[in-house]
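File shown: coords16.txt (compact mmCIF, C-alpha atoms (C1' of nucleotides)).
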# COMPACT_ATOMS: atom_id res chain seq x y z
CA MET I 1 -23.17 1.22 -1.51
CA LYS I 2 -20.37 2.39 0.68
CA ASN I 3 -17.08 0.55 0.32
CA TYR I 4 -14.52 -0.25 2.99
CA TRP I 5 -10.74 -0.14 2.67
CA LEU I 6 -7.51 -0.67 4.51
CA MET I 7 -4.70 1.75 3.75
CA LYS I 8 -1.15 1.28 4.98
CA SER I 9 1.20 4.00 6.02
CA GLU I 10 4.56 3.94 7.74
CA PRO I 11 4.13 6.02 10.88
CA ASP I 12 7.67 7.36 10.54
CA ALA I 13 6.61 8.84 7.21
CA PHE I 14 2.96 9.66 7.84
CA SER I 15 1.01 8.54 10.92
CA ILE I 16 -2.61 8.77 12.02
CA GLU I 17 -1.52 11.62 14.30
CA ASP I 18 -0.09 13.45 11.29
CA LEU I 19 -3.41 13.04 9.49
CA GLU I 20 -5.34 14.37 12.48
CA LYS I 21 -3.17 17.49 12.51
CA ARG I 22 -3.72 18.33 8.85
CA GLU I 23 -6.02 21.17 7.92
CA ASN I 24 -9.53 19.69 7.84
CA GLY I 25 -7.83 16.44 8.77
CA THR I 26 -7.33 15.93 5.05
CA GLU I 27 -4.28 14.75 3.14
CA PRO I 28 -3.71 13.90 -0.54
CA TRP I 29 -2.65 10.24 -0.51
CA ASP I 30 0.27 10.67 -2.88
CA GLY I 31 3.02 8.34 -3.92
CA ILE I 32 1.00 5.26 -4.81
CA ARG I 33 3.01 3.56 -7.55
CA ASN I 34 1.32 0.21 -7.82
CA TYR I 35 -1.22 -0.46 -10.54
CA GLN I 36 -3.56 -2.57 -8.46
CA ALA I 37 -3.72 0.04 -5.71
CA ARG I 38 -4.14 2.77 -8.31
CA ASN I 39 -7.03 0.94 -9.93
CA PHE I 40 -8.82 0.63 -6.61
CA MET I 41 -8.57 4.40 -6.18
CA ARG I 42 -9.59 5.09 -9.76
CA ASP I 43 -12.38 2.57 -10.21
CA ASP I 44 -13.84 1.66 -6.85
CA MET I 45 -13.30 4.40 -4.28
CA LYS I 46 -16.07 6.88 -3.67
CA ILE I 47 -16.34 9.92 -1.46
CA GLY I 48 -17.48 8.79 1.96
CA ASP I 49 -15.96 5.30 1.79
CA ALA I 50 -14.57 4.22 5.15
CA VAL I 51 -10.87 3.45 5.68
CA LEU I 52 -8.96 1.49 8.28
CA PHE I 53 -5.70 3.37 8.82
CA TYR I 54 -2.90 0.82 9.25
CA HIS I 55 0.60 1.46 10.55
CA SER I 56 3.18 -0.71 8.80
CA ASN I 57 6.90 -1.24 9.18
CA CYS I 58 6.93 -0.22 12.82
CA LYS I 59 7.17 -1.68 16.30
CA THR I 60 3.54 -2.79 16.53
CA PRO I 61 1.99 -3.02 13.08
CA GLY I 62 -1.80 -2.79 13.13
CA VAL I 63 -4.94 -0.74 12.64
CA VAL I 64 -4.78 2.53 14.57
CA GLY I 65 -7.62 4.64 13.27
CA VAL I 66 -10.47 5.35 10.89
CA ALA I 67 -10.47 7.73 7.96
CA GLU I 68 -12.73 8.41 5.01
CA ILE I 69 -12.31 9.08 1.34
CA ALA I 70 -12.72 12.81 0.80
CA SER I 71 -12.33 13.23 -2.97
CA GLU I 72 -12.64 11.58 -6.30
CA ALA I 73 -9.39 10.36 -7.83
CA TYR I 74 -7.26 13.05 -9.50
CA PRO I 75 -3.71 13.16 -10.92
CA ASP I 76 -0.89 12.77 -8.41
CA PRO I 77 1.21 15.95 -8.78
CA THR I 78 4.31 14.32 -7.28
CA ALA I 79 4.63 12.20 -10.43
CA PHE I 80 5.50 15.39 -12.38
CA ASP I 81 7.81 16.91 -9.79
CA SER I 82 11.41 16.06 -10.62
CA LYS I 83 12.42 16.87 -7.05
CA SER I 84 9.94 14.44 -5.53
CA LYS I 85 10.95 10.93 -4.63
CA TYR I 86 7.76 9.86 -6.34
CA PHE I 87 8.73 11.51 -9.64
CA ASP I 88 8.02 9.32 -12.65
CA GLU I 89 9.48 10.60 -15.89
CA LYS I 90 7.27 8.25 -17.82
CA SER I 91 4.07 9.79 -16.53
CA ASP I 92 2.75 12.20 -19.17
CA PRO I 93 0.87 15.21 -17.74
CA GLU I 94 -1.49 14.93 -20.72
CA ASN I 95 -2.27 11.37 -19.71
CA PRO I 96 -1.28 10.91 -16.06
CA ARG I 97 -0.22 7.45 -15.05
CA TRP I 98 -0.63 7.99 -11.31
CA ILE I 99 -3.57 9.33 -9.37
CA LEU I 100 -4.51 9.86 -5.75
CA VAL I 101 -7.50 10.54 -3.52
CA ASP I 102 -7.82 12.82 -0.52
CA VAL I 103 -8.13 11.03 2.81
CA ARG I 104 -9.79 12.63 5.83
CA PHE I 105 -9.26 11.83 9.50
CA VAL I 106 -12.29 10.42 11.30
CA ASP I 107 -11.12 8.83 14.55
CA LYS I 108 -8.27 7.25 16.38
CA LEU I 109 -9.12 3.83 17.76
CA PRO I 110 -9.18 3.55 21.57
CA ARG I 111 -6.27 1.15 21.12
CA THR I 112 -4.25 -0.40 18.32
CA VAL I 113 -5.63 -3.62 16.89
CA SER I 114 -2.35 -5.32 16.16
CA LEU I 115 -1.51 -7.49 13.20
CA SER I 116 -0.70 -10.42 15.48
CA GLU I 117 -4.09 -10.10 17.14
CA MET I 118 -5.82 -9.92 13.77
CA LYS I 119 -4.06 -13.12 12.74
CA GLU I 120 -5.56 -14.89 15.72
CA THR I 121 -9.09 -13.76 14.94
CA ALA I 122 -11.13 -16.25 12.94
CA ALA I 123 -13.59 -13.60 11.75
CA LEU I 124 -10.75 -11.77 10.00
CA LYS I 125 -9.01 -14.73 8.39
CA ASP I 126 -9.94 -13.71 4.83
CA MET I 127 -8.48 -10.22 5.07
CA LYS I 128 -5.97 -9.54 2.32
CA ILE I 129 -3.53 -8.01 4.73
CA LEU I 130 -3.22 -11.33 6.54
CA GLN I 131 -2.50 -13.31 3.44
CA ARG I 132 1.00 -14.45 2.83
CA GLY I 133 3.31 -12.02 1.14
CA ASN I 134 0.70 -9.36 0.56
CA ARG I 135 2.35 -6.02 0.09
CA LEU I 136 -0.52 -4.07 -1.43
CA SER I 137 -0.85 -0.74 0.33
CA ILE I 138 -4.57 -0.41 -0.42
CA THR I 139 -6.92 -3.36 -0.04
CA PRO I 140 -10.70 -3.71 0.08
CA VAL I 141 -12.19 -4.84 3.40
CA ALA I 142 -15.58 -6.44 4.04
CA LYS I 143 -18.02 -4.42 6.15
CA LYS I 144 -18.17 -7.18 8.73
CA GLU I 145 -14.39 -7.20 8.99
CA PHE I 146 -14.34 -3.44 9.35
CA ASP I 147 -16.99 -3.57 12.09
CA HIS I 148 -15.23 -6.44 13.82
CA ILE I 149 -11.99 -4.51 14.08
CA LEU I 150 -13.79 -1.50 15.55
CA LYS I 151 -15.41 -3.80 18.10
CA MET I 152 -12.03 -5.31 19.03
CA ALA I 153 -10.62 -1.83 19.57
CA LYS I 154 -13.35 -1.10 22.11
CA SER I 155 -12.77 -4.18 24.20
C1' DG C 1 6.63 -13.60 -24.42
C1' DC C 2 10.08 -15.50 -21.19
C1' DC C 3 12.67 -14.98 -17.28
C1' DA C 4 16.82 -13.38 -14.61
C1' DA C 5 18.15 -9.47 -12.21
C1' DC C 6 16.96 -6.00 -9.44
C1' DG C 7 14.49 -2.90 -6.15
C1' DT C 8 10.96 -2.54 -2.62
C1' DT C 9 7.92 -3.91 1.10
C1' DG C 10 7.25 -5.05 5.60
C1' DG C 11 7.20 -8.56 9.40
C1' DC C 12 10.24 -10.25 12.52
C1' DG V 1 19.42 -5.68 10.04
C1' DC V 2 17.70 -9.85 7.74
C1' DC V 3 15.31 -11.88 4.26
C1' DA V 4 11.07 -13.85 1.87
C1' DA V 5 7.78 -12.38 -1.25
C1' DC V 6 6.52 -9.73 -4.74
C1' DG V 7 6.41 -6.28 -8.83
C1' DT V 8 8.97 -4.24 -12.52
C1' DT V 9 12.48 -3.93 -15.97
C1' DG V 10 14.85 -5.07 -19.94
C1' DG V 11 17.67 -8.28 -22.78
C1' DC V 12 16.91 -11.83 -25.78
Would you encode the structure as structure tokens?
Amino acid sequence: MKNYWLMKSEPDAFSIEDLEKRENGTEPWDGIRNYQARNFMRDDMKIGDAVLFYHSNCKTPGVVGVAEIASEAYPDPTAFDSKSKYFDEKSDPENPRWILVDVRFVDKLPRTVSLSEMKETAALKDMKILQRGNRLSITPVAKKEFDHILKMAKS
DNA sequence: GCCAACGTTGGC
DNA sequence: GCCAACGTTGGC
């Protein structure tokens, strides 16, 4: 069974347009330093899973595109790079603490489905992203929520 | 194991 | 830029 996800990114750092421009539209999703998000990548993500690409910390936060999972989880090299802002001296290369998956561009939505609009939509009320104080950068999404957001983007 | 202090996230 | 919510750290 295919799984569905929502992944946040700050467009100033890495936007859906940046993803589209990457070779093969593919980018290693590095820098995840939260255990819950890591465990989703490690335990539940599979190649071909569908992703809602969400822009956070910007003028109009919301879902802007669709991507897909393009690799199994593998060690995040930035954890071992002392020059990286994601460097973690406590991550042992023999037993990596942090992992990542490759994410591939699929589509930009015809329009942004904004966070405020999502909040007003009864069919989306259970989404983790709408729950109070949720800061998780990777959250599972129900297929019907995923489909509903795509439908909203087309209307 | 508790919990205060601290750093980060992210909407507004 | 503000600040509430949250996760992590580290002293005890």
*Residue list for chain I near chain C as a VMD selection string, 9 Å, all atoms listed in the file*: chain I and resid 56 to 58 61 135 to 136
*asked:* My list of candidates is I:Asn24, I:Glu10, I:Pro75, I:Phe80. Which is closest to Lys59 in chain I when distances are computed with all atoms listed in the file?
replied: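 Of I:Asn24, I:Glu10, I:Pro75, I:Phe80, the one nearest Lys59 in chain I, counting all atoms listed in the file, is I:Glu10.
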*Length of the CA of Ile138 in chain I to CA of Leu19 in chain I vector [Å]*: 16.7 Å
*asked:* Show me, as a PyMOL selection string, the residues that have an atom within 6 Å of Val113 in chain I when counting all atoms listed in the file, minus same-chain residues fewer than 6 positions from it.
replied: chain I and resi 62-63+153
Go ahead and write the selection's residues with C-alpha atoms as a PDB file, in the coordinates of the input.
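Here's the written file selection_13.pdb:
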ATOM      1  CA  GLY I  62      -1.800  -2.790  13.130  1.00  0.00           C
ATOM      2  CA  VAL I  63      -4.940  -0.740  12.640  1.00  0.00           C
ATOM      3  CA  ALA I 153     -10.620  -1.830  19.570  1.00  0.00           C
TER       4      ALA I 153
END
*Grab the CA of Pro77 in chain I to CA of Val103 in chain I distance for me, in Å with one decimal place.*
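So the answer is 15.7 Å.
Across the structure, CA of Leu100 in chain I and CA of Glu145 in chain I are spaced 24.6 Å apart.
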